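Please read the structure below before turning to the comments.
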Number of protein chains: 2
Amino acid sequence: MPSRIVIVGGDGFCGWPTALHHSRLGHEVTILDNLSRRAIDEELGAQSLTPICSIEDRIDAWKEVTGNSIEFLNVDVSKDYDLFFSVLKEKQPKTLIHFGEQRAAPYSMKDPTRKRYTVDNNIGATHNILVALSHLATDVHLVHLGTMGVYGYDEAGIEIPEGYLTIFLKDGEGNMIERQILYPSQPGSVYHMTKVMDQRMFQYYAKNDNMRITDLHQGIVWGTQTEETRLDDRLINRFDYDGDYGTVLNRFLMQAASDLPLTVHGTGGQTRAFINIQDTVKSVALAVDNPPARGDKVKIMNQMTETHRVRDLAKIVSDITGSKIALVRNPRKEAIENNLSVSNKTLLGMGLNPITLAEGLLEETVEIATRYFDRVRTDTVAATAVWTADQRPGIVTEAALDRGKSIQ
Amino acid sequence: MPSRIVIVGGDGFCGWPTALHHSRLGHEVTILDNLSRRAIDEELGAQSLTPICSIEDRIDAWKEVTGNSIEFLNVDVSKDYDLFFSVLKEKQPKTLIHFGEQRAAPYSMKDPTRKRYTVDNNIGATHNILVALSHLATDVHLVHLGTMGVYGYDEAGIEIPEGYLTIFLKDGEGNMIERQILYPSQPGSVYHMTKVMDQRMFQYYAKNDNMRITDLHQGIVWGTQTEETRLDDRLINRFDYDGDYGTVLNRFLMQAASDLPLTVHGTGGQTRAFINIQDTVKSVALAVDNPPARGDKVKIMNQMTETHRVRDLAKIVSDITGSKIALVRNPRKEAIENNLSVSNKTLLGMGLNPITLAEGLLEETVEIATRYFDRVRTDTVAATAVWTADQRPGIVTEAALDRGKSIQ
């Protein structure tokens with residue numbers, strides 16, 4: 001049923017297509033955004049491969065193409081609580097979707113300033129939202145974009161459940177007692193740490209204030225366009241490929257288009273969870289339509305559709321494009337190899353029908369990487385942020401040297 | 001061995017006697033404090049029962065009495081990172097003790113402004129400290145004052161371990177796999193939630209940056225004076241008894257001194273962990289002397305020495321003072337009754353010899369509550385902060401009415 005939805009961070013990579021999708025479904029959409037993603041592009045000297053219009057032009061184009069209005073308000077939810085609260089009071093949304101966080105792990109590790117910004121912004125935004133919603137007289141459903149990165153990886157190969165883990169404890173008499181707990185987290189960066197802290201705040205406010213909260217633990221998103229962003233060139237979504245914001249698949253595609261080898265960190269044995277951006281917006285819509293009851297615990301769903309090892313992903317891209325593969329030193333502090341088995345039955349049960357990487361990747365290569373190749377800035381592709389001071393970026397590993405591969 | 005110690009929050013209730021104790025042990029002590037505890041007194045129209053000198057007069061008195069110098073710098077660690085980092089770089093401390101957090105649960109629940117302040121201040125201070133220490137070239141031991149409140153209460157009556165819980169998981173073949181995890185937290189207020197979030201940050205930075213971190217999960221502190229604060233009236237420590245900052249025992253003592261009934265929330269069936277302020281400073285000194293090795297996980301110790309039910313505590317005070325007991329509506333959202341069994345073997349193993357409530361309480365009553373009674377402001381004693389909007393403060397429960405007891 002159409003309703004009013006406020007989308008915090010609705011100008012970003014996931015936020016913008018989500019705003020369009022919900023507007024198309026008939027919801028009245030208000031975007032609150034401080035346009036920080038655009039400012040960080042300036043700061044890093046990077047830009048989306050696809051040309052991104054101003055938010056005003058995006059909204060005008062949407063009105064022109066569909067007749068639907070989307071409202072935009074420039075609000076920094078992490079800083080300007082009073083303005084944010086007055087907007088909520090006026091709008092009285094049924095749902096608030098929260099994308100208002102700095103979302104790049106490498107950016108969050110660059111230096112003290114960016115570490116502190118990531119924590120201040122992400123924790124500030126999430127807590128301001130929780131405080132504001134708990135003090136509104138109405139009952140708003142909060143939908144938050146979390147990350148699969150809160151789980152970390154368990155070497156025992158136990159399937160990662162949807163948020164809650166069944167454990168057993170030994171009591172004083174040696175009897176095994178069953179409990180369900182929030183999955184013990186193992187964040188791999190300051191960014192991931194903020195999502196772990198978000199989880200703890202959600203648990204508290206759901207319990208103390210009976211707030212209705214859905215937390216979507218998303219895998220790595222691939223793909224650029226959705227049904228809605230394809231309607232007009234001015235609606236196009238971001239394609240980030242720089243060392244900070246570009247996720248692994250986009251980096252491979254740009255390296256392939258630039259005739260550079262695909263740079264795989266370490267052995268490429270890291271297994272990661274993936275989802276297409278079109279499935280992201282559909283999943284969020286399913287979450288919006290299926291809120292937990294008031295008094296329920298936080299509803300956690302794993303928003304991912306398939307898993308791949310990074311080196312297998314490089315192989316897929318290499319097979320399509322003919323590019324070579326180079327193993328480079330891993331700037332992250334993480335296990336060399338890991339298995340990953342993830343439950344995603346809730347979203348599938350609600351009817352999500354995933355787009356697979358194997359079927360969508362070629363289209364992505366042609367539609368985006370090739371079409372906009374003249375906009376590429378090759379100097380921003382390699383990752384430069386390191387996880388600890390004793391790591392050096394961009395240096396090839398001995399294994400890579402053995403194979404005669406290197407990016408510099 | 002004497003060394004340089006920086007104490008963040010060294011002007012507060014635990015921080016001040018800790019600073020004196022370490023100065024007396026021969027350490028070079030630098031206090032960093034923004035004097036926020038004094039500002040909050042002004043804001044609340046409350047004050048310590050004991051008269052607190054300015055930080056300058058305190059430090060002058062200490063120099064006069066002992067010949068030792070303590071340095072004070074007015075720094076807001078949560079806000080002024082650059083100044084804080086430059087101080088650390090200059091001082092090159094061996095240990096940083098972190099008391100720089102808003103520490104009253106009722107204050108953290110009063111309204112949106114105080115909820116937000118508590119999160120911004122506590123998370124900002126802790127994260128700035130972690131970022132600064134991880135970017136110093138030297139290896140500093142961080143000692144943090146946590147709270148028993150991160151654990152919550154488990155109705156199975158399993159003893160609360162020191163930070164880490166042994167659990168069992170069922171793998172794919174149905175085998176039980178043993179794991180050690182951070183104890184699943186159940187914070188009872190926004191304040192406690194910030195300490196849970198602190199824990200998560202400590203886990204991350206200890207692992208990623210090999211930082212040496214000790215987290216002391218402290219029970220409710222009772223008592224006012226220590227060996228050092230007794231040396232001169234100008235060195236006296238705080239005695240808070242207002243509804244926000246006064247802990248349960250101080251409230252009872254002031255109610256008794258004012259011929260008011262002792263107000264017990266609910267049935268008084270809440271069991272809590274306690275420690276005397278003298279044992280607090282000794283425990284911190286033991287923690288300073290026994291840092292974890294670099295690369296170790298966060299060292300967690302339970303800094304408490306005994307447990308009591310709140311109604312039993314009221315009974316002890318009532319027996320000493322002849323006061324009556326009134327059951328009032330509980331403003332907190334918590335279990336009516338709980339058991340509590342806590343391991344504190346690490347500090348006892350290091351030689352802590354606890355002062356018990358039974359032996360120290362009468363002295364506290366005479367030395368503080370009676371001596372300074374002319375300074376009491378009875379209007380600030382009752383708790384007014386409520387945990388959710390549907391709770392009303394200060395209203396007597398039916399049980400209390402049945403017994404003919406009420407505070408208003």
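Within each chain, counting starts at residue 1; across the structure tokens, chains are named A, B, ... in the order shown, with ligands numbered 1 upward in that order.
With only C-alpha atoms taken into account, the protein and nucleic acid residues at most 6 Å from range 280-284 of chain B (excluding it and anything under 3 positions from it in its own chain) are Thr18, Ile277 and Ala287 of chain B.
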Write the residues of the selection above to a file with N, CA and C atoms, as a compact mmCIF listing (two decimals), in the first residue's frame.
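Everything below was put into result-v9.txt:
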# COMPACT_ATOMS: atom_id res chain seq x y z
N THR B 18 41.98 8.25 41.59
CA THR B 18 42.94 7.43 40.84
C THR B 18 44.19 8.24 40.51
N ILE B 277 35.21 2.70 46.66
CA ILE B 277 36.07 3.60 45.86
C ILE B 277 37.56 3.36 46.13
N ALA B 287 45.70 -3.03 37.43
CA ALA B 287 45.56 -3.14 35.98
C ALA B 287 46.73 -2.46 35.27
When the cut-off is 6 Å and we count only C-alpha atoms, which residues of chain A are near chain B, given as a short mmCIF file (atom, residue, chain, number, x, y, z; two decimals) with all heavy atoms, in the first residue's frame?
data_model
loop_
_atom_site.label_atom_id
_atom_site.label_comp_id
_atom_site.auth_asym_id
_atom_site.auth_seq_id
_atom_site.Cartn_x
_atom_site.Cartn_y
_atom_site.Cartn_z
N ILE A 158 30.41 -23.17 9.62
CA ILE A 158 28.99 -23.15 9.99
C ILE A 158 28.29 -22.09 9.15
O ILE A 158 28.80 -20.99 8.96
CB ILE A 158 28.85 -22.86 11.50
CG1 ILE A 158 29.42 -24.04 12.28
CG2 ILE A 158 27.40 -22.58 11.88
CD1 ILE A 158 29.57 -23.78 13.76
N ILE A 167 23.23 -20.92 20.21
CA ILE A 167 24.41 -21.41 20.93
C ILE A 167 23.97 -22.25 22.12
O ILE A 167 22.78 -22.27 22.49
CB ILE A 167 25.31 -20.25 21.45
CG1 ILE A 167 24.53 -19.41 22.49
CG2 ILE A 167 25.79 -19.39 20.31
CD1 ILE A 167 25.41 -18.51 23.33
N PHE A 168 24.92 -22.96 22.70
CA PHE A 168 24.66 -23.74 23.91
C PHE A 168 25.64 -23.32 25.00
O PHE A 168 26.81 -23.08 24.72
CB PHE A 168 24.79 -25.24 23.59
CG PHE A 168 23.79 -25.70 22.57
CD1 PHE A 168 24.10 -25.62 21.21
CD2 PHE A 168 22.54 -26.16 22.95
CE1 PHE A 168 23.18 -26.01 20.25
CE2 PHE A 168 21.61 -26.56 21.99
CZ PHE A 168 21.93 -26.48 20.64
N LEU A 169 25.12 -23.22 26.22
CA LEU A 169 25.94 -22.86 27.37
C LEU A 169 25.88 -24.00 28.38
O LEU A 169 24.87 -24.68 28.49
CB LEU A 169 25.36 -21.61 28.06
CG LEU A 169 25.29 -20.32 27.24
CD1 LEU A 169 24.58 -19.25 28.06
CD2 LEU A 169 26.69 -19.89 26.87
N ASP A 171 25.55 -24.94 32.15
CA ASP A 171 25.19 -24.33 33.43
C ASP A 171 25.99 -24.98 34.57
O ASP A 171 26.86 -25.83 34.32
CB ASP A 171 23.67 -24.41 33.67
CG ASP A 171 23.20 -25.81 34.01
OD1 ASP A 171 24.04 -26.72 34.16
OD2 ASP A 171 21.97 -26.01 34.12
N MET A 197 28.46 -1.60 15.64
CA MET A 197 27.96 -0.71 16.70
C MET A 197 26.50 -0.33 16.42
O MET A 197 25.69 -0.23 17.35
CB MET A 197 28.86 0.52 16.80
CG MET A 197 30.28 0.18 17.28
SD MET A 197 31.51 1.46 16.88
CE MET A 197 31.12 2.67 18.15
#
Task: Residues of range 66-288 of chain B in strand (DSSP E or B), written as a PyMOL selection string - done: chain B and resi 70-74+95-98+141-147+160+164-170+176-182+212-218+220-222+262-265+269+271-276
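Excluding Leu348 in chain B itself and same-chain residues fewer than 5 positions from it, the residues having an atom within 9 Å of it are Thr305, Asn353 and Pro354 of chain B, counting only C-alpha atoms.
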Name the residues in contact with Gly163 in chain A at a cut-off of 9 Å, using only C-alpha atoms, excluding same-chain residues fewer than 3 positions from it; report them as a short mmCIF file (atom, residue, chain, number, x, y, z; two decimals) with all heavy atoms, in the first residue's frame.
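Done, and the output landed in selection-v3.cif:
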data_model
loop_
_atom_site.label_atom_id
_atom_site.label_comp_id
_atom_site.auth_asym_id
_atom_site.auth_seq_id
_atom_site.Cartn_x
_atom_site.Cartn_y
_atom_site.Cartn_z
N TYR A 151 29.57 -10.09 10.18
CA TYR A 151 29.69 -11.46 10.65
C TYR A 151 31.14 -11.90 10.82
O TYR A 151 31.46 -12.68 11.70
CB TYR A 151 29.00 -12.42 9.68
CG TYR A 151 27.51 -12.27 9.60
CD1 TYR A 151 26.89 -11.87 8.42
CD2 TYR A 151 26.70 -12.54 10.70
CE1 TYR A 151 25.51 -11.75 8.34
CE2 TYR A 151 25.32 -12.42 10.62
CZ TYR A 151 24.73 -12.02 9.43
OH TYR A 151 23.37 -11.90 9.34
N ILE A 160 26.30 -19.05 8.01
CA ILE A 160 25.97 -17.80 8.67
C ILE A 160 24.46 -17.62 8.66
O ILE A 160 23.84 -17.57 7.59
CB ILE A 160 26.67 -16.62 7.98
CG1 ILE A 160 28.18 -16.72 8.19
CG2 ILE A 160 26.14 -15.29 8.51
CD1 ILE A 160 28.98 -15.63 7.52
N ILE A 181 21.55 -15.77 20.29
CA ILE A 181 22.26 -14.50 20.50
C ILE A 181 22.50 -13.82 19.16
O ILE A 181 22.45 -14.46 18.10
CB ILE A 181 23.62 -14.69 21.21
CG1 ILE A 181 24.56 -15.54 20.36
CG2 ILE A 181 23.43 -15.31 22.59
CD1 ILE A 181 26.00 -15.55 20.84
N LEU A 182 22.76 -12.51 19.22
CA LEU A 182 23.21 -11.81 18.03
C LEU A 182 24.54 -12.43 17.62
O LEU A 182 25.40 -12.68 18.47
CB LEU A 182 23.39 -10.33 18.37
CG LEU A 182 23.48 -9.35 17.21
CD1 LEU A 182 22.21 -9.34 16.38
CD2 LEU A 182 23.78 -7.95 17.72
N TYR A 183 24.69 -12.70 16.35
CA TYR A 183 25.90 -13.37 15.86
C TYR A 183 27.16 -12.63 16.34
O TYR A 183 27.25 -11.42 16.19
CB TYR A 183 25.86 -13.42 14.34
CG TYR A 183 26.86 -14.38 13.73
CD1 TYR A 183 26.48 -15.67 13.40
CD2 TYR A 183 28.18 -14.00 13.49
CE1 TYR A 183 27.38 -16.56 12.83
CE2 TYR A 183 29.10 -14.89 12.94
CZ TYR A 183 28.68 -16.17 12.61
OH TYR A 183 29.58 -17.06 12.07
N ASP A 215 17.14 -4.81 9.76
CA ASP A 215 18.54 -4.57 9.41
C ASP A 215 18.90 -5.54 8.28
O ASP A 215 18.77 -6.75 8.43
CB ASP A 215 19.42 -4.81 10.65
CG ASP A 215 20.77 -4.11 10.56
OD1 ASP A 215 21.01 -3.36 9.59
OD2 ASP A 215 21.58 -4.29 11.48
N HIS A 217 21.62 -7.15 6.05
CA HIS A 217 23.07 -7.36 5.95
C HIS A 217 23.43 -7.68 4.51
O HIS A 217 23.30 -8.81 4.05
CB HIS A 217 23.52 -8.47 6.90
CG HIS A 217 23.47 -8.03 8.33
ND1 HIS A 217 23.54 -6.71 8.71
CD2 HIS A 217 23.36 -8.73 9.48
CE1 HIS A 217 23.48 -6.61 10.02
NE2 HIS A 217 23.35 -7.82 10.51
N VAL A 298 14.79 -7.13 16.60
CA VAL A 298 15.24 -6.59 15.31
C VAL A 298 15.16 -7.71 14.26
O VAL A 298 15.63 -8.82 14.49
CB VAL A 298 16.69 -6.07 15.40
CG1 VAL A 298 17.18 -5.58 14.05
CG2 VAL A 298 16.80 -4.98 16.46
N LYS A 299 14.54 -7.39 13.11
CA LYS A 299 14.44 -8.37 12.03
C LYS A 299 15.69 -8.25 11.16
O LYS A 299 15.94 -7.19 10.59
CB LYS A 299 13.19 -8.06 11.22
CG LYS A 299 12.86 -9.06 10.13
CD LYS A 299 11.47 -8.75 9.57
CE LYS A 299 10.99 -9.77 8.58
NZ LYS A 299 9.59 -9.50 8.19
N ILE A 300 16.45 -9.31 11.08
CA ILE A 300 17.70 -9.26 10.33
C ILE A 300 17.60 -10.20 9.13
O ILE A 300 17.24 -11.37 9.28
CB ILE A 300 18.91 -9.66 11.22
CG1 ILE A 300 19.00 -8.70 12.42
CG2 ILE A 300 20.20 -9.65 10.42
CD1 ILE A 300 20.10 -9.05 13.40
N MET A 301 17.89 -9.67 7.95
CA MET A 301 17.86 -10.49 6.73
C MET A 301 19.20 -10.34 6.02
O MET A 301 19.75 -9.24 5.96
CB MET A 301 16.74 -10.03 5.81
CG MET A 301 15.36 -10.11 6.46
SD MET A 301 14.02 -9.94 5.26
CE MET A 301 13.77 -8.18 5.25
N ASN A 302 19.69 -11.45 5.49
CA ASN A 302 20.92 -11.38 4.70
C ASN A 302 20.56 -11.05 3.26
O ASN A 302 19.88 -11.83 2.58
CB ASN A 302 21.68 -12.70 4.79
CG ASN A 302 22.25 -12.92 6.18
OD1 ASN A 302 22.47 -11.96 6.92
ND2 ASN A 302 22.48 -14.16 6.55
#
Which residues come within 9 Å of Gly15 in chain B, counting only C-alpha atoms, excluding same-chain residues fewer than 6 positions away, as a compact mmCIF listing (two decimals) with N, CA, C and O atoms, in the first residue's frame?
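Writing the result to part_39.txt gives the following:
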# COMPACT_ATOMS: atom_id res chain seq x y z
N ILE B 7 45.70 10.59 32.46
CA ILE B 7 44.37 10.18 32.94
C ILE B 7 43.32 11.09 32.32
O ILE B 7 43.23 12.28 32.65
N VAL B 8 42.54 10.53 31.41
CA VAL B 8 41.45 11.28 30.78
C VAL B 8 40.25 11.20 31.72
O VAL B 8 39.83 10.10 32.11
N GLY B 9 39.71 12.35 32.09
CA GLY B 9 38.61 12.37 33.05
C GLY B 9 39.11 12.31 34.49
O GLY B 9 38.43 11.80 35.38
N ILE B 31 46.56 14.98 34.06
CA ILE B 31 45.10 14.86 33.95
C ILE B 31 44.64 15.64 32.72
O ILE B 31 44.98 16.81 32.57
N ILE B 97 44.83 6.10 31.11
CA ILE B 97 43.63 5.62 31.82
C ILE B 97 42.45 6.46 31.36
O ILE B 97 42.49 7.69 31.41
N HIS B 98 41.39 5.80 30.90
CA HIS B 98 40.27 6.48 30.25
C HIS B 98 39.01 6.42 31.12
O HIS B 98 38.33 5.42 31.17
N PHE B 99 38.76 7.56 31.80
CA PHE B 99 37.51 7.75 32.55
C PHE B 99 36.63 8.81 31.87
O PHE B 99 35.69 9.30 32.49
N GLY B 100 36.96 9.17 30.63
CA GLY B 100 36.34 10.37 30.03
C GLY B 100 34.97 10.14 29.44
O GLY B 100 34.73 10.48 28.28
N VAL B 281 40.47 2.41 43.09
CA VAL B 281 41.79 2.96 42.73
C VAL B 281 42.88 1.90 42.84
O VAL B 281 43.81 1.87 42.02
Open item on the list: Please list as a ChimeraX atom specification every residue within 10 Å of range 52-67 of chain B, counting only C-alpha atoms and excluding residues in the same chain fewer than 6 positions away.
Closed with: /B:10-11,16,20,23-24,31,33,35,38,228-229,231-239
